Amino acid sequence: FNATTDQTLIEQLNGTAWKIVKSPNGSKPEDNFLNGVSCASSTSCWAAGEYSNGTNDQTLIEHFNGTAWTIAKSPNTSSSQTNILTAVTCISTTNCWAAGEHSNGTHDQTLIEHFNGTAWKIYSSPNTSATQDNDLNAVVCASTTECWAAGHYSNGTNDQTLIERFDGTAWKIVSSPNANTSQNDALTGAVCASTTNCSVVGYYSNGTNYQTLIEHYNGAAWSLVPSPDAGTNQDNFLYAVTCPSASACWATGDFLSGTSYQTLIARYNGTSLSLVSSPNTSPGQNNFLNGVACSSRRACTAVGAYFHGRAGQPLVARYNRTSGRIVVPPIATSAYNAPTPPRVPPPPPPEPP
């Protein structure tokens with residue numbers, strides 16, 4: 001936040017420390033957000049999000065060529081309608097997907113874009129209805145002919161899970177379970193260890209509080225997986241998931257502890273899911289993690305934000321097999337620099353009053 005508008009923020013780990021790197025904006029006088037990042041190689045990374053053209057949000061895609069980040073041309077359904085990208089994934093340097101939503105004038109509809117090595121183009125994606133909200137919050141590929149996008153749609157009363165599959169030719173909606181069909185269910189993160197081993201995470205309402213939600217794909221169908229919560233009488237959210245191997249996965253988010261949100265990390269050890277101890281800057285400060293990635297089973301990094309007063313600051317948690325620790329990365333200013341939370345109901349952890 002540069003005192004008037006939100007601007008992009010990209011930080012890079014050079015093996016020792018995190019450093020802010022220069023990142024462009026679609027419109028400096030207006031808000032700019034980056035919501036997802038994926039690297040196909042050390043010299044080819046993509047970040048996706050949105051910027052305001054003064055009237056509506058438009059897609060924003062940036063590329064790193066090993067030296068610098070630059071804005072890449074990205075399509076929109078209309079310059080007079082909202083277009084947002086919330087996630088991006090790359091199978092190779094010439095094959096990437098980005099997912100999000102756009103407005104048809106009255107309702108959100110799915111938005112999927114594809115990079116073929118030359119340009120980004122809008123790819124046809126289905127919706128449950130043109131008169132229902134449909135949003136995609138995550139996208140992942142197990143192969144060139146097996147990709148998944150996950151999010152939620154409105155059935156007119158509640159939000160329900162939405163999963164779409166790319167079979168190498170077209171995207172289609174597939175059946176996905178809900179933990180509570182009479183309450184809100186939403187999916188926010190996705191990962192595939194293979195074409196027959198994929199998982200999505202999110203949260204659902206039990207009527208009183210939000211609880212973690214995990215689903216697994218075994219090559220034939222999606223099913224609910226029992227997932228841990230810090231407490232059934234408090235809100236629990238999962239935003240991201242990664243699996244460095246088929247028997248090792250991590251999911252990150254946050255839970256409400258008293259009056260503050262604290263980090264939440266769940267681990268799958270090949271047999272069962274359980275919560276693990278995760279660090280926070282302070283029990284009296286809001287802390288949340290909305291992204292996670294592993295370079296190996298023994299080295300993982302989760303990113304998010306914590307709030308110091310009203311100012312949000314970047315937060316990085318590192319796992320080194322034996323312990324977790326907080327790494328405080330650099331901040332662009334003393335104002336709000338928190339990553340954009342997933343655009344799904346309910347609202348993400350609020351800023352302190």
# chains A, B, ... in the order shown; residues from 1 in each chain; ligands from 1
>>> residues_around(residues="Leu162 of chain A", least_positions_apart="5", cutoff="12 Å", atoms="only C-alpha atoms", output="PyMOL selection string")
chain A and resi 109-110+126-128+133-139+148-155+172-178+184-189+200-202+215+222+344
>>> residues_around(residues="Cys198 of chain A", least_positions_apart="5", cutoff="6 Å", atoms="only C-alpha atoms", output="compact mmCIF listing (two decimals) with N, CA, C and O atoms, in the first residue's frame")
# COMPACT_ATOMS: atom_id res chain seq x y z
N VAL A 191 -3.85 -29.58 -5.21
CA VAL A 191 -2.54 -30.16 -5.49
C VAL A 191 -2.72 -31.55 -6.07
O VAL A 191 -3.71 -32.23 -5.77
N CYS A 192 -1.81 -31.97 -6.93
CA CYS A 192 -1.82 -33.33 -7.47
C CYS A 192 -0.44 -33.95 -7.34
O CYS A 192 0.56 -33.36 -7.78
N HIS A 216 -10.38 -35.64 -1.58
CA HIS A 216 -9.33 -36.40 -2.26
C HIS A 216 -9.87 -37.08 -3.51
O HIS A 216 -11.01 -37.57 -3.53
N TYR A 217 -9.03 -37.10 -4.55
CA TYR A 217 -9.37 -37.77 -5.80
C TYR A 217 -8.48 -38.99 -5.97
O TYR A 217 -7.25 -38.89 -5.90
>>> atom_distance(atom1="atom CA of Asn287 of chain A", atom2="atom CA of Asp235 of chain A")
13.7 Å
>>> residues_around(residues="Leu264 of chain A", least_positions_apart="2", cutoff="8 Å", atoms="only C-alpha atoms", output="PyMOL selection string")
chain A and resi 230+236-238+252-255+262+266+275-276+278+288-289
>>> closest_residue(among="A:Thr195, A:Ser223, A:Gln81, A:Asn233", to="Thr208 of chain A", atoms="only C-alpha atoms")
A:Asn233
>>> select_by_dssp(residues="segment 203-336 of chain A", states="strand (DSSP E)", output="PyMOL selection string")
chain A and resi 203-205+210-217+222-225+236-245+248-257+260-268+273-276+287-296+299-308+311-319+324-327
>>> closest_residue(among="A:Asn280, A:Asn116, A:Asn25, A:Thr55", to="Ile71 of chain A", atoms="only C-alpha atoms")
A:Asn25
>>> residues_around(residues="Thr281 of chain A", least_positions_apart="6", cutoff="12 Å", atoms="only C-alpha atoms", output="PyMOL selection string")
chain A and resi 260-263+287-288+304-308+313-317+325-328
>>> atom_distance(atom1="atom CA of Ala221 of chain A", atom2="atom CA of Ala240 of chain A")
20.9 Å
>>> residues_around(residues="segment 5-7 of chain A", least_positions_apart="6", cutoff="6 Å", atoms="only C-alpha atoms", output="list in words")
Glu30, Asp31 and Asn32 of chain A
>>> atom_distance(atom1="atom CA of Arg318 of chain A", atom2="atom CA of Trp250 of chain A")
12.2 Å
>>> decode(residues="segment 75-111 of chain A", atoms="N, CA, C and O atoms", output="short mmCIF file (atom, residue, chain, number, x, y, z; two decimals), in the first residue's frame")
data_model
loop_
_atom_site.label_atom_id
_atom_site.label_comp_id
_atom_site.auth_asym_id
_atom_site.auth_seq_id
_atom_site.Cartn_x
_atom_site.Cartn_y
_atom_site.Cartn_z
N PRO A 75 -5.87 -11.47 -21.61
CA PRO A 75 -7.20 -11.12 -22.11
C PRO A 75 -8.24 -10.96 -21.01
O PRO A 75 -8.07 -11.45 -19.89
N ASN A 76 -9.32 -10.25 -21.35
CA ASN A 76 -10.48 -10.08 -20.48
C ASN A 76 -11.74 -10.31 -21.30
O ASN A 76 -11.74 -10.10 -22.51
N THR A 77 -12.79 -10.74 -20.64
CA THR A 77 -14.04 -10.92 -21.36
C THR A 77 -14.61 -9.59 -21.81
O THR A 77 -15.25 -9.49 -22.85
N SER A 78 -14.33 -8.53 -21.01
CA SER A 78 -14.78 -7.19 -21.35
C SER A 78 -14.06 -6.18 -20.48
O SER A 78 -13.78 -6.45 -19.31
N SER A 79 -13.74 -5.03 -21.03
CA SER A 79 -13.08 -3.98 -20.25
C SER A 79 -14.07 -3.28 -19.33
O SER A 79 -13.67 -2.54 -18.43
N SER A 80 -15.36 -3.53 -19.54
CA SER A 80 -16.40 -2.90 -18.71
C SER A 80 -16.98 -3.88 -17.70
O SER A 80 -17.99 -3.57 -17.07
N GLN A 81 -16.36 -5.06 -17.57
CA GLN A 81 -16.80 -6.05 -16.60
C GLN A 81 -15.59 -6.54 -15.78
O GLN A 81 -14.46 -6.54 -16.27
N THR A 82 -15.85 -6.94 -14.56
CA THR A 82 -14.79 -7.41 -13.68
C THR A 82 -14.20 -8.72 -14.18
O THR A 82 -14.92 -9.66 -14.52
N ASN A 83 -12.87 -8.79 -14.24
CA ASN A 83 -12.12 -10.00 -14.58
C ASN A 83 -11.00 -10.15 -13.55
O ASN A 83 -10.18 -9.23 -13.40
N ILE A 84 -10.94 -11.31 -12.88
CA ILE A 84 -9.96 -11.53 -11.81
C ILE A 84 -9.33 -12.91 -11.98
O ILE A 84 -10.03 -13.89 -12.25
N LEU A 85 -8.02 -12.98 -11.81
CA LEU A 85 -7.31 -14.25 -11.77
C LEU A 85 -6.83 -14.50 -10.34
O LEU A 85 -6.19 -13.63 -9.75
N THR A 86 -7.14 -15.66 -9.81
CA THR A 86 -6.81 -15.98 -8.41
C THR A 86 -5.72 -17.03 -8.28
O THR A 86 -5.16 -17.20 -7.19
N ALA A 87 -5.40 -17.75 -9.36
CA ALA A 87 -4.41 -18.82 -9.26
C ALA A 87 -3.77 -19.06 -10.62
O ALA A 87 -4.37 -18.78 -11.66
N VAL A 88 -2.56 -19.60 -10.60
CA VAL A 88 -1.85 -19.93 -11.82
C VAL A 88 -0.99 -21.16 -11.58
O VAL A 88 -0.48 -21.36 -10.48
N THR A 89 -0.83 -22.00 -12.60
CA THR A 89 0.03 -23.17 -12.51
C THR A 89 0.68 -23.42 -13.86
O THR A 89 0.08 -23.14 -14.91
N CYS A 90 1.90 -23.91 -13.85
CA CYS A 90 2.63 -24.19 -15.09
C CYS A 90 3.08 -25.64 -15.14
O CYS A 90 3.70 -26.14 -14.19
N ILE A 91 2.78 -26.31 -16.24
CA ILE A 91 3.26 -27.67 -16.48
C ILE A 91 4.65 -27.62 -17.08
O ILE A 91 5.50 -28.46 -16.80
N SER A 92 4.87 -26.60 -17.92
CA SER A 92 6.16 -26.39 -18.55
C SER A 92 6.27 -24.91 -18.90
O SER A 92 5.35 -24.13 -18.63
N THR A 93 7.38 -24.51 -19.49
CA THR A 93 7.56 -23.11 -19.86
C THR A 93 6.62 -22.68 -20.98
O THR A 93 6.43 -21.49 -21.21
N THR A 94 6.01 -23.65 -21.66
CA THR A 94 5.10 -23.33 -22.77
C THR A 94 3.68 -23.82 -22.53
O THR A 94 2.89 -23.93 -23.47
N ASN A 95 3.35 -24.13 -21.27
CA ASN A 95 2.03 -24.67 -20.98
C ASN A 95 1.62 -24.28 -19.56
O ASN A 95 2.02 -24.93 -18.60
N CYS A 96 0.85 -23.21 -19.44
CA CYS A 96 0.40 -22.71 -18.14
C CYS A 96 -1.10 -22.42 -18.16
O CYS A 96 -1.68 -22.15 -19.22
N TRP A 97 -1.70 -22.50 -16.97
CA TRP A 97 -3.12 -22.21 -16.81
C TRP A 97 -3.31 -21.19 -15.69
O TRP A 97 -2.58 -21.22 -14.70
N ALA A 98 -4.29 -20.31 -15.85
CA ALA A 98 -4.68 -19.37 -14.80
C ALA A 98 -6.20 -19.44 -14.66
O ALA A 98 -6.91 -19.63 -15.65
N ALA A 99 -6.69 -19.30 -13.43
CA ALA A 99 -8.12 -19.43 -13.18
C ALA A 99 -8.61 -18.31 -12.27
O ALA A 99 -7.85 -17.75 -11.48
N GLY A 100 -9.88 -18.01 -12.39
CA GLY A 100 -10.50 -16.97 -11.56
C GLY A 100 -11.96 -16.82 -11.90
O GLY A 100 -12.68 -17.82 -12.06
N GLU A 101 -12.39 -15.57 -12.04
CA GLU A 101 -13.79 -15.34 -12.38
C GLU A 101 -13.95 -14.02 -13.14
O GLU A 101 -13.06 -13.17 -13.10
N HIS A 102 -15.08 -13.90 -13.81
CA HIS A 102 -15.43 -12.64 -14.46
C HIS A 102 -16.92 -12.40 -14.26
O HIS A 102 -17.67 -13.32 -13.92
N SER A 103 -17.34 -11.18 -14.45
CA SER A 103 -18.75 -10.84 -14.29
C SER A 103 -19.45 -10.87 -15.64
O SER A 103 -18.91 -10.39 -16.64
N ASN A 104 -20.65 -11.44 -15.65
CA ASN A 104 -21.47 -11.40 -16.87
C ASN A 104 -22.45 -10.24 -16.82
O ASN A 104 -23.38 -10.18 -17.63
N GLY A 105 -22.24 -9.36 -15.86
CA GLY A 105 -23.12 -8.21 -15.70
C GLY A 105 -23.95 -8.30 -14.44
O GLY A 105 -24.26 -7.28 -13.82
N THR A 106 -24.29 -9.53 -14.06
CA THR A 106 -25.10 -9.73 -12.85
C THR A 106 -24.51 -10.78 -11.92
O THR A 106 -24.76 -10.74 -10.72
N HIS A 107 -23.72 -11.72 -12.45
CA HIS A 107 -23.18 -12.80 -11.62
C HIS A 107 -21.74 -13.11 -12.00
O HIS A 107 -21.32 -12.88 -13.15
N ASP A 108 -20.99 -13.64 -11.04
CA ASP A 108 -19.64 -14.12 -11.31
C ASP A 108 -19.72 -15.40 -12.13
O ASP A 108 -20.56 -16.26 -11.87
N GLN A 109 -18.83 -15.52 -13.09
CA GLN A 109 -18.72 -16.73 -13.90
C GLN A 109 -17.25 -17.15 -13.95
O GLN A 109 -16.34 -16.32 -13.80
N THR A 110 -17.02 -18.45 -14.18
CA THR A 110 -15.65 -18.94 -14.18
C THR A 110 -14.83 -18.29 -15.30
O THR A 110 -15.36 -17.96 -16.37
N LEU A 111 -13.54 -18.14 -15.03
CA LEU A 111 -12.62 -17.61 -16.01
C LEU A 111 -11.36 -18.47 -16.00
O LEU A 111 -10.73 -18.63 -14.95
#
